[in-house]
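> Below you will find the structure I want to go over with you.
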Amino acid sequence: MSNQGKVDCGRRRLVVATAAVGGVGAVAALVPFVSSLLPSERAKAAGAPVEVDISKLESGQMITVEWRGKPVWIINRTQEMLDTLPKLADQMADPNSEVKSQQPDYAANPTRSIKENLLVVVGICTHLGCSPTSKFKAGAEEGMTADWLGGFLCPCHGSTFDFAGRVFKAKPAPTNLEVPPHAYLSDTRILVGEDKKGA
């Protein structure tokens, strides 16, 4: 009988070891399956919302993130930048953002934003899809005219935009820069590509 007890104990260890190896194998097999349920990089590029941390975005600075394969600018505008907007209204092609396809309804306002100081805009010129460059300094210091108050220049064909992404009159770009759907998840996080959570 003592031999029988030893055999049972050995079998028990073998069963436990086999079950443990099988469990590890099952978990290993589940990892790719569970990963496949998460959005892929291709799906993110195709339009999945992008969450952005803006906690370190200081006043006067801009960061660029990618959404749907496009650059999206997030600019923390200074009061001086905001003060230029009403001064330029008569020079803008669409000063009141009346072309509705260029921004959600909640951004059809003088600052084209949810929060006055934070502009979220697609950084692609509406003329031929070039990417404008920032020309934040007023005057001729960055190669602009002496009366320049700051904004963006598309170097390809000369379209200029103010700090709200509004295009100047008589420029090749037909409309203002696009404001994508977005929402604030908190004071320091923006969700670009979806506006159901807070807009």
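Numbering starts fresh at 1 for the residues of each chain in the structure tokens, the chains themselves are lettered A, B, ... in the order given, and ligands are numbered from 1 as they appear.
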With range 128-143 of chain A as the partner and 9 Å as the cut-off, tabulate the residues of range 4-118 of chain A that qualify, each row holding the nearest pair of atoms and their distance in Å to one decimal, using only C-alpha atoms, sorted by chain and rising number, as a tab-separated table.

residue	atom	partner	partner_atom	distance
A:Gly60	CA	A:Phe136	CA	8.6
A:Pro71	CA	A:Ser131	CA	8.4
A:Met81	CA	A:Phe136	CA	8.5
> Could you check which of A:Ala17, A:Met62, A:Ala29, A:Cys156 is closest to Pro172 in chain A, using only C-alpha atoms?
A:Cys156
> Out of range 30-177 of chain A, which residues get strand (DSSP E or B) from DSSP, as number ranges by chain?
A: 50-53, 62-67, 70-76, 92, 118-122, 133-135, 151-153, 160-161, 167-168
> Take the residues that were just selected and, keeping N, CA, C and O atoms, output them as a short mmCIF file (atom, residue, chain, number, x, y, z; two decimals), in the first residue's frame.

data_model
loop_
_atom_site.label_atom_id
_atom_site.label_comp_id
_atom_site.auth_asym_id
_atom_site.auth_seq_id
_atom_site.Cartn_x
_atom_site.Cartn_y
_atom_site.Cartn_z
N VAL A 50 -7.77 60.37 -30.61
CA VAL A 50 -6.44 60.44 -30.04
C VAL A 50 -6.52 61.26 -28.75
O VAL A 50 -7.01 62.39 -28.76
N GLU A 51 -6.06 60.67 -27.66
CA GLU A 51 -6.05 61.39 -26.38
C GLU A 51 -4.71 62.10 -26.22
O GLU A 51 -3.67 61.51 -26.42
N VAL A 52 -4.77 63.39 -25.86
CA VAL A 52 -3.56 64.21 -25.79
C VAL A 52 -3.43 64.83 -24.40
O VAL A 52 -4.37 65.43 -23.89
N ASP A 53 -2.24 64.69 -23.83
CA ASP A 53 -1.92 65.31 -22.54
C ASP A 53 -1.39 66.72 -22.83
O ASP A 53 -0.38 66.88 -23.51
N MET A 62 2.88 75.52 -28.99
CA MET A 62 2.06 74.68 -29.84
C MET A 62 2.65 73.27 -29.85
O MET A 62 3.87 73.11 -29.87
N ILE A 63 1.77 72.27 -29.82
CA ILE A 63 2.21 70.89 -30.01
C ILE A 63 1.46 70.33 -31.21
O ILE A 63 0.39 70.83 -31.58
N THR A 64 2.03 69.32 -31.82
CA THR A 64 1.41 68.67 -32.98
C THR A 64 1.20 67.20 -32.67
O THR A 64 2.12 66.52 -32.18
N VAL A 65 -0.02 66.71 -32.92
CA VAL A 65 -0.33 65.29 -32.78
C VAL A 65 -0.89 64.81 -34.11
O VAL A 65 -1.26 65.61 -34.96
N GLU A 66 -0.94 63.51 -34.29
CA GLU A 66 -1.46 62.96 -35.54
C GLU A 66 -2.84 62.35 -35.32
O GLU A 66 -3.05 61.60 -34.36
N TRP A 67 -3.76 62.70 -36.18
CA TRP A 67 -5.11 62.13 -36.17
C TRP A 67 -5.54 61.93 -37.61
O TRP A 67 -5.46 62.85 -38.42
N LYS A 70 -3.29 63.11 -40.25
CA LYS A 70 -3.12 64.55 -40.44
C LYS A 70 -2.48 65.16 -39.20
O LYS A 70 -2.73 64.70 -38.08
N PRO A 71 -1.70 66.23 -39.38
CA PRO A 71 -1.18 66.93 -38.21
C PRO A 71 -2.28 67.78 -37.58
O PRO A 71 -2.99 68.51 -38.27
N VAL A 72 -2.44 67.66 -36.28
CA VAL A 72 -3.38 68.50 -35.55
C VAL A 72 -2.57 69.35 -34.58
O VAL A 72 -1.79 68.83 -33.80
N TRP A 73 -2.78 70.66 -34.70
CA TRP A 73 -2.08 71.60 -33.83
C TRP A 73 -2.94 71.91 -32.63
O TRP A 73 -4.14 72.17 -32.75
N ILE A 74 -2.31 71.93 -31.46
CA ILE A 74 -2.96 72.40 -30.24
C ILE A 74 -2.12 73.57 -29.75
O ILE A 74 -0.94 73.39 -29.45
N ILE A 75 -2.72 74.75 -29.73
CA ILE A 75 -1.99 75.97 -29.41
C ILE A 75 -2.59 76.60 -28.16
O ILE A 75 -3.80 76.83 -28.10
N ASN A 76 -1.74 76.84 -27.18
CA ASN A 76 -2.14 77.55 -25.97
C ASN A 76 -1.88 79.03 -26.22
O ASN A 76 -0.77 79.52 -26.03
N MET A 92 -10.27 89.07 -42.93
CA MET A 92 -10.49 87.64 -43.05
C MET A 92 -11.53 87.32 -44.13
O MET A 92 -12.50 88.06 -44.32
N LEU A 118 -7.28 77.84 -25.93
CA LEU A 118 -6.77 76.64 -26.58
C LEU A 118 -7.41 76.42 -27.95
O LEU A 118 -8.61 76.18 -28.05
N LEU A 119 -6.59 76.51 -28.98
CA LEU A 119 -7.05 76.25 -30.35
C LEU A 119 -6.62 74.85 -30.75
O LEU A 119 -5.46 74.46 -30.57
N VAL A 120 -7.57 74.08 -31.29
CA VAL A 120 -7.30 72.75 -31.84
C VAL A 120 -7.68 72.82 -33.30
O VAL A 120 -8.83 73.05 -33.65
N VAL A 121 -6.69 72.67 -34.19
CA VAL A 121 -6.94 72.86 -35.62
C VAL A 121 -6.07 71.91 -36.44
O VAL A 121 -4.96 71.56 -36.02
N VAL A 122 -6.60 71.46 -37.57
CA VAL A 122 -5.83 70.60 -38.47
C VAL A 122 -4.83 71.48 -39.22
O VAL A 122 -5.21 72.45 -39.86
N THR A 133 3.43 76.87 -41.82
CA THR A 133 4.41 76.98 -40.75
C THR A 133 3.98 78.08 -39.80
O THR A 133 3.27 79.01 -40.19
N SER A 134 4.39 77.95 -38.57
CA SER A 134 4.03 78.96 -37.58
C SER A 134 4.90 80.20 -37.75
O SER A 134 6.11 80.10 -37.95
N LYS A 135 4.25 81.33 -37.71
CA LYS A 135 4.92 82.63 -37.76
C LYS A 135 4.32 83.45 -36.63
O LYS A 135 3.55 84.38 -36.81
N GLY A 151 0.61 84.44 -36.71
CA GLY A 151 -0.30 83.41 -37.22
C GLY A 151 0.48 82.34 -37.95
O GLY A 151 1.52 81.87 -37.48
N PHE A 152 0.00 81.98 -39.14
CA PHE A 152 0.58 80.89 -39.92
C PHE A 152 0.71 81.28 -41.39
O PHE A 152 -0.13 82.00 -41.92
N LEU A 153 1.75 80.78 -42.03
CA LEU A 153 2.00 81.01 -43.46
C LEU A 153 2.15 79.67 -44.15
O LEU A 153 2.91 78.81 -43.71
N THR A 160 -2.18 82.85 -45.80
CA THR A 160 -1.88 83.21 -44.42
C THR A 160 -3.13 83.04 -43.56
O THR A 160 -4.25 83.23 -44.02
N PHE A 161 -2.89 82.66 -42.31
CA PHE A 161 -3.97 82.39 -41.36
C PHE A 161 -3.64 83.08 -40.04
O PHE A 161 -2.48 83.18 -39.66
N VAL A 167 -8.49 82.25 -42.61
CA VAL A 167 -7.67 82.62 -43.77
C VAL A 167 -7.90 84.08 -44.12
O VAL A 167 -9.02 84.60 -44.03
N PHE A 168 -6.83 84.74 -44.51
CA PHE A 168 -6.91 86.13 -44.97
C PHE A 168 -7.57 86.18 -46.35
O PHE A 168 -7.51 85.22 -47.12
#
> Between CA of Pro110 in chain A and CA of Asp90 in chain A, what is the spacing in Å?
12.6 Å
> Measuring atom to atom with only C-alpha atoms, identify which of A:Ala93, A:Val16, A:Val24, A:Ile114 is nearest to Ala183 in chain A.
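Looking only at the distances to Ala183 in chain A, the closest residue turns out to be A:Ile114.
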> Name the residues of range 40-128 of chain A that fall into alpha helix (DSSP H) according to DSSP on the backbone, using the chain letters and numbers of this document, as a list in words.
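DSSP on the backbone gives alpha helix (DSSP H) at Glu41, Arg42, Ala43, Lys44, Ala45, Ala46, Gln79, Glu80, Met81, Leu82, Asp83, Thr84, Leu85, Pro86, Lys87 and Leu88 of chain A.
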> What does the distance between CA of Leu57 in chain A and CA of Arg166 in chain A come to in Å, to one decimal place?
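CA of Arg166 in chain A lies at a distance of 22.3 Å from CA of Leu57 in chain A.
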> When you draw a straight line from CA of Val192 in chain A to CA of Thr78 in chain A, how long is it in Å?
21.6 Å
> Closest to Ala164 in chain A among A:Asn176, A:Thr188, A:Thr18, A:Thr145, using only C-alpha atoms?
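With only C-alpha atoms as the atom set, the closest residue is A:Asn176.
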> Could you tell me which of A:Ala173, A:Cys9, A:Ala28, A:Ala48 comes closest to Ile124 in chain A if we count only C-alpha atoms?
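Among A:Ala173, A:Cys9, A:Ala28, A:Ala48, it is A:Ala173 that comes nearest to Ile124 in chain A.
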> Taking only C-alpha atoms into account, which of A:Val27, A:Ala19, A:Ile190, A:Leu149 comes nearest Lys115 in chain A?
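Of A:Val27, A:Ala19, A:Ile190, A:Leu149, the one nearest Lys115 in chain A is A:Ile190, counting only C-alpha atoms.
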